[in-house]
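Source file model-v7.cif; content: mmCIF, C-alpha atoms.
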data_query
#
loop_
_atom_site.label_atom_id
_atom_site.label_comp_id
_atom_site.auth_asym_id
_atom_site.auth_seq_id
_atom_site.Cartn_x
_atom_site.Cartn_y
_atom_site.Cartn_z
CA MET D 1017 89.46 -174.30 -28.45
CA ILE D 1018 87.01 -177.06 -27.49
CA PRO D 1019 86.13 -179.89 -29.92
CA GLU D 1020 82.48 -180.60 -30.57
CA ASN D 1021 83.32 -184.29 -31.07
CA ILE D 1022 85.88 -186.59 -29.47
CA ILE D 1023 86.07 -189.84 -31.41
CA PHE D 1024 87.58 -193.26 -30.75
CA VAL D 1025 87.83 -196.22 -33.13
CA LYS D 1026 87.70 -199.75 -31.73
CA HIS D 1027 87.95 -202.63 -34.18
CA GLY D 1028 89.07 -206.17 -33.46
CA ASP D 1029 90.07 -207.45 -30.03
CA LYS D 1030 93.37 -205.68 -29.31
CA TYR D 1031 91.56 -203.01 -27.28
CA SER D 1032 88.48 -203.49 -25.16
CA ALA D 1033 85.45 -201.43 -24.24
CA GLU D 1034 87.24 -200.59 -21.01
CA HIS D 1035 89.98 -198.82 -22.97
CA VAL D 1036 87.29 -196.62 -24.52
CA ASN D 1037 85.58 -195.94 -21.21
CA ARG D 1038 88.83 -195.16 -19.39
CA LEU D 1039 89.99 -192.72 -22.03
CA ARG D 1040 86.58 -191.03 -22.04
CA ASP D 1041 86.84 -190.64 -18.25
CA GLN D 1042 90.26 -189.01 -18.53
CA LEU D 1043 89.24 -186.59 -21.27
CA MET D 1044 85.95 -185.63 -19.63
CA VAL D 1045 87.98 -183.77 -17.00
CA TYR D 1046 89.13 -181.31 -19.68
CA PHE D 1047 86.35 -181.55 -22.26
CA PRO D 1048 83.09 -182.06 -20.35
CA SER D 1049 80.91 -180.45 -23.03
CA SER D 1050 82.21 -182.48 -25.99
CA GLN D 1051 80.23 -185.30 -27.59
CA TYR D 1052 82.03 -188.65 -27.15
CA LEU D 1053 81.66 -191.23 -29.92
CA CYS D 1054 83.06 -194.69 -30.63
CA TYR D 1055 83.17 -196.10 -34.16
CA THR D 1056 83.10 -199.87 -33.67
CA GLU D 1057 81.78 -203.21 -34.86
CA ASP D 1058 81.30 -204.35 -31.24
CA ARG D 1059 79.59 -201.92 -28.88
CA LEU D 1060 79.32 -204.38 -25.95
CA GLY D 1061 80.44 -202.64 -22.78
CA VAL D 1062 81.11 -199.27 -24.42
CA GLU D 1063 79.55 -196.54 -22.29
CA ILE D 1064 79.40 -193.79 -24.91
CA GLU D 1065 77.38 -193.40 -28.08
CA CYS D 1066 78.52 -195.85 -30.77
CA ILE D 1067 78.57 -195.48 -34.52
CA PRO D 1068 78.44 -198.91 -36.22
CA CYS D 1069 81.24 -199.64 -38.68
CA PHE D 1070 80.11 -199.26 -42.26
CA LYS D 1071 79.09 -202.56 -43.81
CA LYS D 1072 80.62 -201.49 -47.13
CA PRO D 1073 83.48 -201.29 -47.58
CA GLN D 1074 84.63 -203.66 -44.89
CA LEU D 1075 87.96 -202.53 -43.44
CA ARG D 1076 90.27 -204.02 -40.86
CA PHE D 1077 91.73 -202.49 -37.73
CA TRP D 1078 93.34 -199.06 -38.20
CA TRP D 1079 91.98 -198.56 -41.71
CA ASN D 1080 88.61 -197.90 -40.11
CA LYS D 1081 90.00 -194.56 -38.88
CA LEU D 1082 89.61 -193.18 -42.40
CA ALA D 1083 85.83 -193.68 -42.22
CA MET D 1084 85.75 -190.66 -39.89
CA PHE D 1085 86.37 -188.51 -42.99
CA SER D 1086 83.42 -189.93 -44.92
CA SER D 1087 80.55 -187.58 -45.76
CA ASP D 1088 78.32 -190.29 -44.22
CA PHE D 1089 80.04 -190.10 -40.82
CA PRO D 1090 77.38 -188.47 -38.59
CA VAL D 1091 79.26 -185.55 -37.01
CA LYS D 1092 79.42 -181.80 -37.46
CA GLY D 1093 81.99 -179.27 -36.33
CA LYS D 1094 85.44 -179.70 -34.87
CA CYS D 1095 86.59 -183.31 -34.38
CA LEU D 1096 89.34 -184.71 -32.17
CA PHE D 1097 90.43 -188.34 -32.52
CA PHE D 1098 92.50 -190.40 -30.09
CA ASP D 1099 93.93 -193.89 -30.48
CA LEU D 1100 93.06 -196.09 -27.52
CA ASP D 1101 96.65 -196.59 -26.32
CA MET D 1102 96.83 -193.11 -24.79
CA ASP D 1103 97.09 -191.99 -21.17
CA ILE D 1104 95.97 -188.41 -20.52
CA LYS D 1105 98.04 -186.86 -17.74
CA GLU D 1106 97.29 -183.15 -18.14
CA ASP D 1107 95.18 -180.81 -20.23
CA PRO D 1108 96.36 -180.95 -23.89
CA THR D 1109 94.19 -178.04 -25.05
CA SER D 1110 97.04 -175.60 -25.69
CA TYR D 1111 98.50 -177.94 -28.33
CA LEU D 1112 95.28 -178.51 -30.23
CA LYS D 1113 94.45 -176.67 -33.44
CA TRP D 1114 91.95 -176.97 -36.23
CA ASP D 1115 93.81 -175.93 -39.35
CA GLY D 1116 93.07 -178.54 -41.97
CA LEU D 1117 94.12 -182.10 -41.08
CA THR D 1118 96.57 -182.14 -38.15
CA VAL D 1119 98.44 -185.17 -36.79
CA LEU D 1120 101.41 -185.91 -34.55
CA ASN D 1121 104.99 -185.32 -35.54
CA SER D 1122 106.92 -188.55 -34.87
CA TYR D 1123 109.81 -186.91 -33.06
CA TRP D 1124 111.23 -190.36 -32.27
CA LYS D 1125 111.70 -191.05 -36.00
CA GLN D 1126 113.50 -187.86 -37.00
CA ASP D 1127 116.96 -189.48 -37.10
CA MET D 1128 115.86 -192.83 -38.45
CA TYR D 1129 116.63 -194.08 -41.94
CA MET D 1130 113.53 -193.78 -44.11
CA ALA D 1131 113.31 -196.75 -46.47
CA LYS D 1132 111.63 -195.76 -49.74
CA HIS D 1133 110.41 -199.28 -50.42
CA ALA D 1134 108.65 -199.36 -47.03
CA TYR D 1135 107.06 -195.93 -47.52
CA ASP D 1136 108.33 -194.87 -44.09
CA VAL D 1137 106.96 -191.57 -42.74
CA THR D 1138 107.54 -189.22 -39.82
CA ILE D 1139 103.91 -188.59 -38.89
CA ASN D 1140 101.67 -190.49 -36.50
CA SER D 1141 97.87 -190.49 -36.56
CA SER D 1142 97.33 -191.43 -32.92
CA ILE D 1143 95.84 -187.95 -32.45
CA ILE D 1144 94.03 -186.16 -35.28
CA THR D 1145 92.09 -182.92 -35.50
CA TRP D 1146 89.93 -181.83 -38.44
CA THR D 1147 86.61 -180.17 -39.16
CA ALA D 1148 83.82 -182.48 -40.28
CA GLY D 1149 83.11 -182.28 -44.00
CA GLU D 1150 86.49 -180.79 -44.94
CA GLN D 1151 88.45 -184.04 -45.43
CA THR D 1152 85.96 -186.16 -47.36
CA HIS D 1153 88.37 -186.34 -50.32
CA ILE D 1154 90.60 -188.64 -48.24
CA TRP D 1155 87.86 -191.24 -47.82
CA ASP D 1156 86.75 -190.86 -51.42
CA HIS D 1157 90.33 -191.43 -52.60
CA LEU D 1158 90.63 -194.63 -50.56
CA LEU D 1159 87.46 -195.95 -52.16
CA THR D 1160 88.84 -195.51 -55.67
CA ASN D 1161 91.06 -198.56 -55.10
CA LYS D 1162 90.66 -199.77 -51.53
CA ASP D 1163 92.25 -203.19 -52.03
CA TYR D 1164 95.32 -201.71 -53.67
CA TYR D 1165 95.94 -199.06 -51.01
CA THR D 1166 95.38 -201.38 -48.06
CA ARG D 1167 97.92 -203.81 -49.54
CA LYS D 1168 100.44 -201.16 -50.56
CA TYR D 1169 100.60 -199.28 -47.25
CA LYS D 1170 101.08 -200.65 -43.77
CA GLY D 1171 98.66 -198.27 -42.12
CA ILE D 1172 97.00 -194.96 -42.80
CA ASP D 1173 100.01 -192.78 -41.97
CA ARG D 1174 101.81 -193.97 -45.07
CA PHE D 1175 98.63 -193.64 -47.11
CA LEU D 1176 98.11 -190.02 -46.06
CA VAL D 1177 101.68 -188.97 -46.84
CA HIS D 1178 102.39 -190.90 -50.01
CA GLU D 1179 99.02 -190.19 -51.61
CA GLY D 1180 99.84 -186.51 -51.31
CA PHE D 1181 97.28 -185.15 -48.86
CA ASP D 1182 97.87 -181.83 -47.12
CA ILE D 1183 98.90 -182.55 -43.52
CA ASN D 1184 99.74 -180.27 -40.60
CA ARG D 1185 101.54 -181.35 -37.43
CA PHE D 1186 101.05 -180.60 -33.77
CA ASP D 1187 103.97 -178.99 -32.02
CA ASP D 1188 106.32 -181.44 -30.32
CA GLY D 1189 105.55 -181.81 -26.63
CA ILE D 1190 101.92 -182.87 -26.88
CA VAL D 1191 102.87 -186.55 -26.43
CA ASN D 1192 105.53 -188.61 -24.79
CA SER D 1193 106.19 -191.89 -26.58
CA VAL D 1194 106.70 -194.39 -23.76
CA ALA D 1195 109.01 -196.48 -25.94
CA ASN D 1196 111.02 -193.40 -26.98
CA PRO D 1197 110.71 -190.84 -24.16
CA TYR D 1198 110.34 -187.17 -25.00
CA GLU D 1199 112.98 -184.84 -23.59
CA GLY D 1200 110.63 -182.75 -21.49
CA THR D 1201 107.12 -182.94 -20.15
CA ALA D 1202 104.06 -183.83 -22.18
CA PRO D 1203 100.36 -183.98 -21.24
CA ILE D 1204 99.82 -187.34 -22.94
CA ASN D 1205 101.67 -190.65 -22.78
CA MET D 1206 101.30 -192.81 -25.87
CA TYR D 1207 102.12 -196.48 -25.91
CA ASN D 1208 102.53 -196.98 -29.68
CA GLY D 1209 100.66 -200.27 -29.60
CA ILE D 1210 102.59 -201.67 -26.62
CA ASN D 1211 100.38 -203.78 -24.38
CA TYR D 1212 99.58 -201.99 -21.15
CA GLU D 1213 97.18 -201.99 -18.23
CA LEU D 1214 96.01 -198.71 -16.75
CA GLN D 1215 93.61 -198.19 -13.92
CA ARG D 1216 90.39 -196.47 -14.76
CA THR D 1217 90.14 -192.86 -13.59
CA ALA D 1218 87.27 -192.16 -11.23
CA LEU D 1219 85.04 -189.28 -12.32
#
Could you render the structure as structure tokens?
Amino acid sequence: MIPENIIFVKHGDKYSAEHVNRLRDQLMVYFPSSQYLCYTEDRLGVEIECIPCFKKPQLRFWWNKLAMFSSDFPVKGKCLFFDLDMDIKEDPTSYLKWDGLTVLNSYWKQDMYMAKHAYDVTINSSIITWTAGEQTHIWDHLLTNKDYYTRKYKGIDRFLVHEGFDINRFDDGIVNSVANPYEGTAPINMYNGINYELQRTAL
């Protein structure tokens, strides 16, 4: 199944326009007909269509990912989101599904102690699929008390789980966590925020 929209979020200076462009190049091999979009406050150097970050509410870094679920986010149809610390090695299509909100299963956390006070979770939102217009309640819920939620949770993964949203998971094998290697092959390497340099793929 092919997504109508492939979306990246770039906020702050941890990742550059070149990370966006490189990832677009890699994915274009497998999804040439998809629309590529970048939600960002700084479009300089980004080679795909950009959606400016909402002026209100102002969010920092990863919290901007939740704006993709807003009814004001200008997309229709099936959406596929990637964090920018991903390296696409092979076609991931067989793992993708649009069945509500779907995220990664953090296989590398399955045997870890989950501290209640830290709101630890075993999902990872580095890849997300959803259908536009079907998850607006997530954004609306954040806006009911944005300051409280962004202080309470260290990232949107904890917010999604502990605020009780329905979440599905991709089958294990879609990603290999570079820091915690998967026992097998996976079409995507993910760096989990580790600094890295990857050469740009030539189209």
Task: Contacts of segment 1167-1178 of chain D within 7 Å, only C-alpha atoms, excl. fewer than 2 positions in-chain, as a list in words - done: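 Counting only the stated atoms, we get Trp1078, Trp1079, Tyr1135, Asp1136, Val1137, Ile1139, Asn1140, Ser1141, Asp1163, Tyr1164, Tyr1165, Gly1180 and Phe1181 of chain D.
Here atom CA of Asp1115 of chain D is placed at a distance of 12.0 Å from atom CA of Ala1148 of chain D.
Residue selection for this entry, given the PyMOL selection byres ((chain D and resi 1101) around 7), comprises Asp1099, Leu1100, Met1102, Asp1103, Met1206, Tyr1207, Asn1208 and Gly1209 of chain D.
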Please save C-alpha atoms of the selected residues as a CSV table (one decimal), keeping the file's coordinate frame.
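Once written, selection01.csv looks like this:
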chain,number,residue,atom,x,y,z
D,1099,ASP,CA,93.9,-193.9,-30.5
D,1100,LEU,CA,93.1,-196.1,-27.5
D,1102,MET,CA,96.8,-193.1,-24.8
D,1103,ASP,CA,97.1,-192.0,-21.2
D,1206,MET,CA,101.3,-192.8,-25.9
D,1207,TYR,CA,102.1,-196.5,-25.9
D,1208,ASN,CA,102.5,-197.0,-29.7
D,1209,GLY,CA,100.7,-200.3,-29.6
Task: Contact residues around segment 1087-1096 of chain D with all atoms listed in the file at 7 Å, ignoring same-chain residues under 5 positions, as a ChimeraX atom specification - done: /D:1019-1023,1144-1149,1152
- [ ] Rank D:Val1036, D:Val1025, D:Val1062, D:Val1045 by their smallest atom-to-atom distance to Phe1077 of chain D, using all atoms listed in the file, and report the top residue only.
- [x] D:Val1025
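The interatomic distance for the pair atom CA of Thr1138 of chain D and atom CA of Tyr1123 of chain D works out to 7.5 Å.
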- [ ] Starting from the displayed file, determine the output of the PyMOL selection byres ((chain D and resi 1040) around 12) and express the residue list as a PyMOL selection string.
- [x] chain D and resi 1021-1024+1033-1039+1041-1048+1050-1054+1062-1065+1097-1100+1102-1104+1216-1219
Task: Selection dump of the PyMOL selection byres ((chain D and resi 1193) around 12), as a ChimeraX atom specification - done: /D:1101-1103,1120-1125,1140,1142,1188-1192,1194-1210
Open item on the list: Please determine, counting only C-alpha atoms, which residue among D:Met1017, D:Leu1060, D:Met1084, D:Leu1075 has the shortest atom-to-atom distance to Thr1109 of chain D.
Closed with: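 Result for the nearest residue to Thr1109 of chain D: D:Met1017.
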- [ ] Name the residues within 6 Å of (102.2, -182.0, -35.5), counting all atoms listed in the file in the file's coordinates, and put them as number ranges by chain.
- [x] D: 1119-1121, 1184-1187
Task: Atom-to-atom span, atom CA of His1027 of chain D and atom CA of Leu1158 of chain D, Å - done: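 Distance between the two atoms: 18.4 Å.
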- [ ] Counting all atoms listed in the file, write as a list in words all protein and nucleic acid residues lying at most 9 Å from (87.5, -203.3, -34.4) in the file's frame.
- [x]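 Applying the cut-off with all atoms listed in the file, one gets Val1025, Lys1026, His1027, Gly1028, Asp1029, Lys1030, Tyr1031, Tyr1055, Thr1056, Glu1057, Asp1058, Cys1069, Arg1076, Phe1077, Trp1078 and Asn1080 of chain D.
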Draw an axis-aligned box tight on the listed atoms of segment 1080-1088 of chain D, then pad every side by 4 Å and write out centre and edge lengths in Å to one decimal as AutoDock Vina command-line options.
--center_x 84.2 --center_y -192.7 --center_z -42.3 --size_x 19.7 --size_y 18.3 --size_z 14.9
Task: Who sits within 8 Å of Gln1151 of chain D, all atoms listed in the file, same chain under 4 positions skipped, as a list in words - done: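 So the residues in contact are Phe1085, Ser1086, Gly1116, Leu1117, Trp1146, Thr1147 and Trp1155 of chain D.
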Task: Top pick for closest residue to Asp1182 of chain D, considering D:His1153, D:Lys1072, D:Arg1059, D:Lys1081 and counting all atoms listed in the file - done: D:His1153
Open item on the list: Calculated over all atoms listed in the file, which of the candidates D:Thr1166, D:Ser1049, D:Thr1118, D:Asn1161 has the smallest distance to Ile1018 of chain D?
Closed with: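 The closest residue to Ile1018 of chain D is D:Ser1049.
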Would you mind writing segment 1092-1116 of chain D with N, CA and C atoms, as a PDB file, keeping the file's coordinate frame?
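Wrote it out as selection_30.pdb, contents follow:
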ATOM      1  N   LYS D1092      79.274-183.152 -36.941  1.00  0.00           N
ATOM      2  CA  LYS D1092      79.420-181.800 -37.460  1.00  0.00           C
ATOM      3  C   LYS D1092      80.390-181.041 -36.550  1.00  0.00           C
ATOM      4  N   GLY D1093      81.118-180.124 -37.135  1.00  0.00           N
ATOM      5  CA  GLY D1093      81.990-179.270 -36.330  1.00  0.00           C
ATOM      6  C   GLY D1093      83.378-179.835 -36.150  1.00  0.00           C
ATOM      7  N   LYS D1094      84.039-179.353 -35.127  1.00  0.00           N
ATOM      8  CA  LYS D1094      85.440-179.700 -34.870  1.00  0.00           C
ATOM      9  C   LYS D1094      85.540-181.091 -34.250  1.00  0.00           C
ATOM     10  N   CYS D1095      86.428-181.918 -34.812  1.00  0.00           N
ATOM     11  CA  CYS D1095      86.590-183.310 -34.380  1.00  0.00           C
ATOM     12  C   CYS D1095      87.998-183.530 -33.843  1.00  0.00           C
ATOM     13  N   LEU D1096      88.065-184.335 -32.799  1.00  0.00           N
ATOM     14  CA  LEU D1096      89.340-184.710 -32.170  1.00  0.00           C
ATOM     15  C   LEU D1096      89.343-186.213 -31.986  1.00  0.00           C
ATOM     16  N   PHE D1097      90.316-186.887 -32.595  1.00  0.00           N
ATOM     17  CA  PHE D1097      90.430-188.340 -32.520  1.00  0.00           C
ATOM     18  C   PHE D1097      91.612-188.738 -31.654  1.00  0.00           C
ATOM     19  N   PHE D1098      91.415-189.803 -30.853  1.00  0.00           N
ATOM     20  CA  PHE D1098      92.500-190.400 -30.090  1.00  0.00           C
ATOM     21  C   PHE D1098      92.543-191.899 -30.336  1.00  0.00           C
ATOM     22  N   ASP D1099      93.744-192.444 -30.577  1.00  0.00           N
ATOM     23  CA  ASP D1099      93.930-193.890 -30.480  1.00  0.00           C
ATOM     24  C   ASP D1099      93.670-194.313 -29.037  1.00  0.00           C
ATOM     25  N   LEU D1100      93.438-195.599 -28.846  1.00  0.00           N
ATOM     26  CA  LEU D1100      93.060-196.090 -27.520  1.00  0.00           C
ATOM     27  C   LEU D1100      94.255-196.400 -26.620  1.00  0.00           C
ATOM     28  N   ASP D1101      95.467-196.308 -27.148  1.00  0.00           N
ATOM     29  CA  ASP D1101      96.650-196.590 -26.320  1.00  0.00           C
ATOM     30  C   ASP D1101      97.261-195.296 -25.790  1.00  0.00           C
ATOM     31  N   MET D1102      96.405-194.417 -25.290  1.00  0.00           N
ATOM     32  CA  MET D1102      96.830-193.110 -24.790  1.00  0.00           C
ATOM     33  C   MET D1102      96.489-192.996 -23.310  1.00  0.00           C
ATOM     34  N   ASP D1103      97.298-192.240 -22.600  1.00  0.00           N
ATOM     35  CA  ASP D1103      97.090-191.990 -21.170  1.00  0.00           C
ATOM     36  C   ASP D1103      97.179-190.480 -20.959  1.00  0.00           C
ATOM     37  N   ILE D1104      96.048-189.867 -20.643  1.00  0.00           N
ATOM     38  CA  ILE D1104      95.970-188.410 -20.520  1.00  0.00           C
ATOM     39  C   ILE D1104      96.392-187.998 -19.119  1.00  0.00           C
ATOM     40  N   LYS D1105      97.489-187.275 -19.027  1.00  0.00           N
ATOM     41  CA  LYS D1105      98.040-186.860 -17.740  1.00  0.00           C
ATOM     42  C   LYS D1105      97.653-185.436 -17.364  1.00  0.00           C
ATOM     43  N   GLU D1106      97.599-184.552 -18.359  1.00  0.00           N
ATOM     44  CA  GLU D1106      97.290-183.150 -18.140  1.00  0.00           C
ATOM     45  C   GLU D1106      96.458-182.635 -19.313  1.00  0.00           C
ATOM     46  N   ASP D1107      96.014-181.420 -19.199  1.00  0.00           N
ATOM     47  CA  ASP D1107      95.180-180.810 -20.230  1.00  0.00           C
ATOM     48  C   ASP D1107      95.997-180.559 -21.501  1.00  0.00           C
ATOM     49  N   PRO D1108      95.605-181.147 -22.645  1.00  0.00           N
ATOM     50  CA  PRO D1108      96.360-180.950 -23.890  1.00  0.00           C
ATOM     51  C   PRO D1108      95.846-179.795 -24.738  1.00  0.00           C
ATOM     52  N   THR D1109      94.888-179.027 -24.227  1.00  0.00           N
ATOM     53  CA  THR D1109      94.190-178.040 -25.050  1.00  0.00           C
ATOM     54  C   THR D1109      95.126-177.073 -25.762  1.00  0.00           C
ATOM     55  N   SER D1110      96.174-176.619 -25.094  1.00  0.00           N
ATOM     56  CA  SER D1110      97.040-175.600 -25.690  1.00  0.00           C
ATOM     57  C   SER D1110      97.750-176.084 -26.947  1.00  0.00           C
ATOM     58  N   TYR D1111      97.838-177.398 -27.151  1.00  0.00           N
ATOM     59  CA  TYR D1111      98.500-177.940 -28.330  1.00  0.00           C
ATOM     60  C   TYR D1111      97.541-178.151 -29.498  1.00  0.00           C
ATOM     61  N   LEU D1112      96.253-178.147 -29.207  1.00  0.00           N
ATOM     62  CA  LEU D1112      95.280-178.510 -30.230  1.00  0.00           C
ATOM     63  C   LEU D1112      95.023-177.354 -31.178  1.00  0.00           C
ATOM     64  N   LYS D1113      94.793-177.681 -32.447  1.00  0.00           N
ATOM     65  CA  LYS D1113      94.450-176.670 -33.440  1.00  0.00           C
ATOM     66  C   LYS D1113      93.621-177.322 -34.534  1.00  0.00           C
ATOM     67  N   TRP D1114      92.771-176.516 -35.127  1.00  0.00           N
ATOM     68  CA  TRP D1114      91.950-176.970 -36.230  1.00  0.00           C
ATOM     69  C   TRP D1114      92.306-176.127 -37.447  1.00  0.00           C
ATOM     70  N   ASP D1115      93.285-176.615 -38.170  1.00  0.00           N
ATOM     71  CA  ASP D1115      93.810-175.930 -39.350  1.00  0.00           C
ATOM     72  C   ASP D1115      94.041-176.991 -40.410  1.00  0.00           C
ATOM     73  N   GLY D1116      92.972-177.415 -41.053  1.00  0.00           N
ATOM     74  CA  GLY D1116      93.070-178.540 -41.970  1.00  0.00           C
ATOM     75  C   GLY D1116      93.171-179.841 -41.189  1.00  0.00           C
TER      76      GLY D1116
END
